[in-house]
Amino acid sequence: MQGIEIKNLSYTYSKKTPYEKLALDDVSLSINEGDFIGILGHTGSGKSTLILHINALIKAQTGSVKVMDIDLTQKRPKPDLKRLRTEVGMVFQYPEHQLFDDTIEKDIGFGPKNLKLPADEIKQRVRESMELVGLDYNDFKDRSPFDLSGGQKRRVAIAGVIAMRPKILILDEPTAGLDPEGKEHILTLITRLKAEISPTVIVISHDIDEITRFATRLIVFNKAKIAFDIPMTELFKHEKELVAMGLEVPLAVRVARSLRSKGIELEGNITTPHDLENAVVDYYNKKHFDDKLNSPTNSVSITSNIKNNASGENLSIAYSDNSSATPNDNTISEKEVLR
Ligand SMILES: Nc1ncnc2c1ncn2[C@@H]1O[C@H](COP(=O)(O)OP(=O)(O)OP(=O)(O)O)[C@@H](O)[C@H]1O
Ligand SMILES: [Mg+2]
């Protein structure tokens, strides 16, 4: 198994004290290799507590946690935590607070050095990781990680995690506190890391619009439980639940609803700005086509055209205003011509 299997996991902080707090309440979850997961939920809903279990920074009190073939709840033999932490890379909220070495090269190379990799392999990994996060190796390697901007520090911290080449990468609020440009850079980077380094990626975020940009599966936490766990394409069905939990509905979903309420018949399931853009373009192309079809002269030319092309191949339409369109032309689709 390459994924993560969590069964009936519950966790209470400060048990048997006045500060006792149930942070996870009977959570079960399967994460498959290749998943690109966004975790959303109010502050205090249990998101960080869950991922701290995956890296064994918190031990399960009730239930079980299995990461790849490592059973973290097994008593004997003890789970191999060193291997676990090579396979699972964890980028904590404000990871820049964990920078410690006097040069960027040493800071990023810390993990690979601990793995006792040969020096040239360590150097190669540091160089590649820096380049991936957008820091030029020669320009930055000898600089102190403390003399960087907030966004650059975060990139160094992320480079330190990916230098371990983890199969599972977990990021807790990776864009918190960054300016729009810094956020944009991290979001693009996450997608790239998923494609090039870590096949399975889990990102915690408070921002649903950010999550819809990259994740293909959404897990929403509410009061220590999983409220829903869905493919991102089904998010539009859960608008009411998000509102009931006081969570934000994606901007594209809200805009699509507003346009539909004004009679703009957008088709398809709209979750992301990209979906919305496609639906609006399709709508206007179709409307443009319908307008021409509804004009008496154009219907004649289109009807005769369809008759002459029974196989549906090589269709082209001549409008009476001397314009024309083919199925390859992005103003018109083959389906629309043939209906
Ligand atoms: N070390 C701790 N000691 C005591 N209680 C804690 C501790 N860490 C978290 N909690 C409590 O457990 C609950 C869940 O916390 P957790 O950090 O998992 O939430 P979260 O969803 O990650 O929140 P946020 O979005 O603010 O990061 C909260 O009520 C929190 O106050
Ligand atoms: Mg948290």
# chains A, B, ... in the order shown; residues from 1 in each chain; ligands from 1

$ residues_near_ligand --ligand "ligand 2" --cutoff "7 Å" --atoms "only C-alpha atoms and all ligand atoms" --output "PDB file with C-alpha atoms, in the first residue's frame"
ATOM      1  CA  THR A  43      -9.789  27.147  13.042  1.00  0.00           C
ATOM      2  CA  GLY A  44      -9.711  24.507  15.763  1.00  0.00           C
ATOM      3  CA  LYS A  47      -6.895  19.649  10.648  1.00  0.00           C
ATOM      4  CA  SER A  48      -3.387  20.014  12.079  1.00  0.00           C
ATOM      5  CA  ASP A 172      -0.123  23.097   6.553  1.00  0.00           C
TER       6      ASP A 172
END

$ residues_near_ligand --ligand "ligand 1" --cutoff "7 Å" --atoms "only C-alpha atoms and all ligand atoms" --output "list of chain:residue names"
A:Tyr13, A:Ser14, A:Lys21, A:Leu22, A:Ala23, A:Gly41, A:His42, A:Thr43, A:Gly44, A:Ser45, A:Gly46, A:Lys47, A:Ser48, A:Thr49, A:Leu50, A:His206, A:Ala224

$ closest_residue --among "A:Leu169, A:Ile202, A:Ile58, A:Val220" --to "Ile37 of chain A" --atoms "only C-alpha atoms"
A:Ile202

$ select_by_dssp --residues "segment 10-165 of chain A" --states "alpha helix (DSSP H)" --output "VMD selection string"
chain A and resid 47 to 54 81 to 87 104 to 114 119 to 133 137 to 140 150 to 162

$ atom_distance --atom1 "atom CA of Glu5 of chain A" --atom2 "atom CA of Val27 of chain A"
10.7 Å

$ select_by_dssp --residues "segment 107-245 of chain A" --states "strand (DSSP E)" --output "CSV table (one decimal) with N, CA and C atoms, in the first residue's frame"
chain,number,residue,atom,x,y,z
A,168,ILE,N,5.0,11.3,0.0
A,168,ILE,CA,3.8,12.0,0.4
A,168,ILE,C,4.2,13.4,0.9
A,169,LEU,N,3.6,14.5,0.4
A,169,LEU,CA,4.0,15.8,0.8
A,169,LEU,C,2.8,16.5,1.5
A,170,ILE,N,3.0,16.9,2.7
A,170,ILE,CA,1.9,17.6,3.4
A,170,ILE,C,2.3,19.0,3.8
A,171,LEU,N,1.4,19.9,3.4
A,171,LEU,CA,1.7,21.4,3.7
A,171,LEU,C,0.5,21.9,4.5
A,172,ASP,N,0.9,22.5,5.7
A,172,ASP,CA,-0.1,23.1,6.6
A,172,ASP,C,-0.1,24.6,6.3
A,200,THR,N,1.8,12.1,-4.0
A,200,THR,CA,0.6,12.3,-3.2
A,200,THR,C,0.8,13.6,-2.4
A,201,VAL,N,-0.1,14.5,-2.5
A,201,VAL,CA,0.0,15.8,-1.9
A,201,VAL,C,-1.2,16.2,-1.1
A,202,ILE,N,-1.0,16.7,0.2
A,202,ILE,CA,-2.1,17.1,1.0
A,202,ILE,C,-1.9,18.5,1.5
A,203,VAL,N,-2.8,19.4,1.2
A,203,VAL,CA,-2.6,20.8,1.6
A,203,VAL,C,-3.8,21.3,2.5
A,204,ILE,N,-3.4,21.8,3.6
A,204,ILE,CA,-4.4,22.5,4.5
A,204,ILE,C,-4.5,23.9,4.1
A,217,ARG,N,-9.4,16.5,-4.7
A,217,ARG,CA,-10.3,16.0,-3.7
A,217,ARG,C,-10.3,16.9,-2.5
A,218,LEU,N,-11.5,17.1,-2.0
A,218,LEU,CA,-11.7,18.0,-0.9
A,218,LEU,C,-12.2,17.3,0.4
A,219,ILE,N,-11.5,17.6,1.5
A,219,ILE,CA,-12.0,17.0,2.8
A,219,ILE,C,-12.3,18.2,3.7
A,220,VAL,N,-13.5,18.3,4.1
A,220,VAL,CA,-13.9,19.4,5.0
A,220,VAL,C,-14.0,18.9,6.4
A,221,PHE,N,-13.3,19.6,7.3
A,221,PHE,CA,-13.4,19.3,8.8
A,221,PHE,C,-14.4,20.2,9.4
A,222,ASN,N,-15.2,19.7,10.4
A,222,ASN,CA,-16.0,20.5,11.2
A,222,ASN,C,-16.1,19.9,12.6
A,225,LYS,N,-14.6,16.4,13.3
A,225,LYS,CA,-15.1,15.3,12.4
A,225,LYS,C,-14.9,15.7,10.9
A,226,ILE,N,-14.9,14.7,10.1
A,226,ILE,CA,-15.0,15.0,8.6
A,226,ILE,C,-16.4,15.2,8.3
A,227,ALA,N,-16.7,16.4,7.8
A,227,ALA,CA,-18.0,16.8,7.4
A,227,ALA,C,-18.3,16.2,6.0
A,228,PHE,N,-17.4,16.4,5.1
A,228,PHE,CA,-17.5,15.6,3.8
A,228,PHE,C,-16.2,15.5,3.1
A,229,ASP,N,-16.1,14.5,2.3
A,229,ASP,CA,-14.9,14.1,1.6
A,229,ASP,C,-15.3,13.8,0.2
A,230,ILE,N,-15.0,14.7,-0.8
A,230,ILE,CA,-15.6,14.6,-2.1
A,230,ILE,C,-14.6,14.8,-3.2
A,231,PRO,N,-14.9,14.3,-4.4
A,231,PRO,CA,-14.1,14.8,-5.6
A,231,PRO,C,-14.4,16.3,-5.8

$ residues_around --residues "Asp69 of chain A" --least-positions-apart "5" --cutoff "9 Å" --atoms "only C-alpha atoms" --output "VMD selection string"
chain A and resid 1 to 4

$ atom_distance --atom1 "atom CA of Lys59 of chain A" --atom2 "atom CA of Pro77 of chain A"
15.6 Å

$ closest_residue --among "A:Asn32, A:Lys106, A:Lys82, A:Tyr94" --to "Pro199 of chain A" --atoms "only C-alpha atoms"
A:Asn32

$ residues_around --residues "segment 268-273 of chain A" --least-positions-apart "6" --cutoff "9 Å" --atoms "only C-alpha atoms" --output "MDAnalysis selection string"
chainID A and resid 209 212:213 232:236 250:253 256 279

$ closest_atom_pairs --of "segment 189-267 of chain A" --to "segment 130-146 of chain A" --cutoff "12 Å" --atoms "only C-alpha atoms" --output "JSON lines"
{"residue": "A:Leu189", "atom": "CA", "partner": "A:Val133", "partner_atom": "CA", "distance": 6.5}
{"residue": "A:Ile190", "atom": "CA", "partner": "A:Val133", "partner_atom": "CA", "distance": 9.3}
{"residue": "A:Thr191", "atom": "CA", "partner": "A:Leu132", "partner_atom": "CA", "distance": 11.3}
{"residue": "A:Arg192", "atom": "CA", "partner": "A:Leu132", "partner_atom": "CA", "distance": 8.1}
{"residue": "A:Leu193", "atom": "CA", "partner": "A:Leu132", "partner_atom": "CA", "distance": 7.9}
{"residue": "A:Lys194", "atom": "CA", "partner": "A:Leu132", "partner_atom": "CA", "distance": 11.6}
{"residue": "A:Ala195", "atom": "CA", "partner": "A:Leu132", "partner_atom": "CA", "distance": 11.5}
{"residue": "A:Glu196", "atom": "CA", "partner": "A:Leu132", "partner_atom": "CA", "distance": 9.3}
{"residue": "A:Ile197", "atom": "CA", "partner": "A:Leu132", "partner_atom": "CA", "distance": 9.7}

$ atom_distance --atom1 "atom CA of Ala60 of chain A" --atom2 "atom CA of Phe110 of chain A"
28.3 Å

$ residues_around --residues "segment 157-159 of chain A" --least-positions-apart "3" --cutoff "8 Å" --atoms "only C-alpha atoms" --output "PyMOL selection string"
chain A and resi 91+95-96+98-99+108+126+129-130+132-133+153-154+162-163
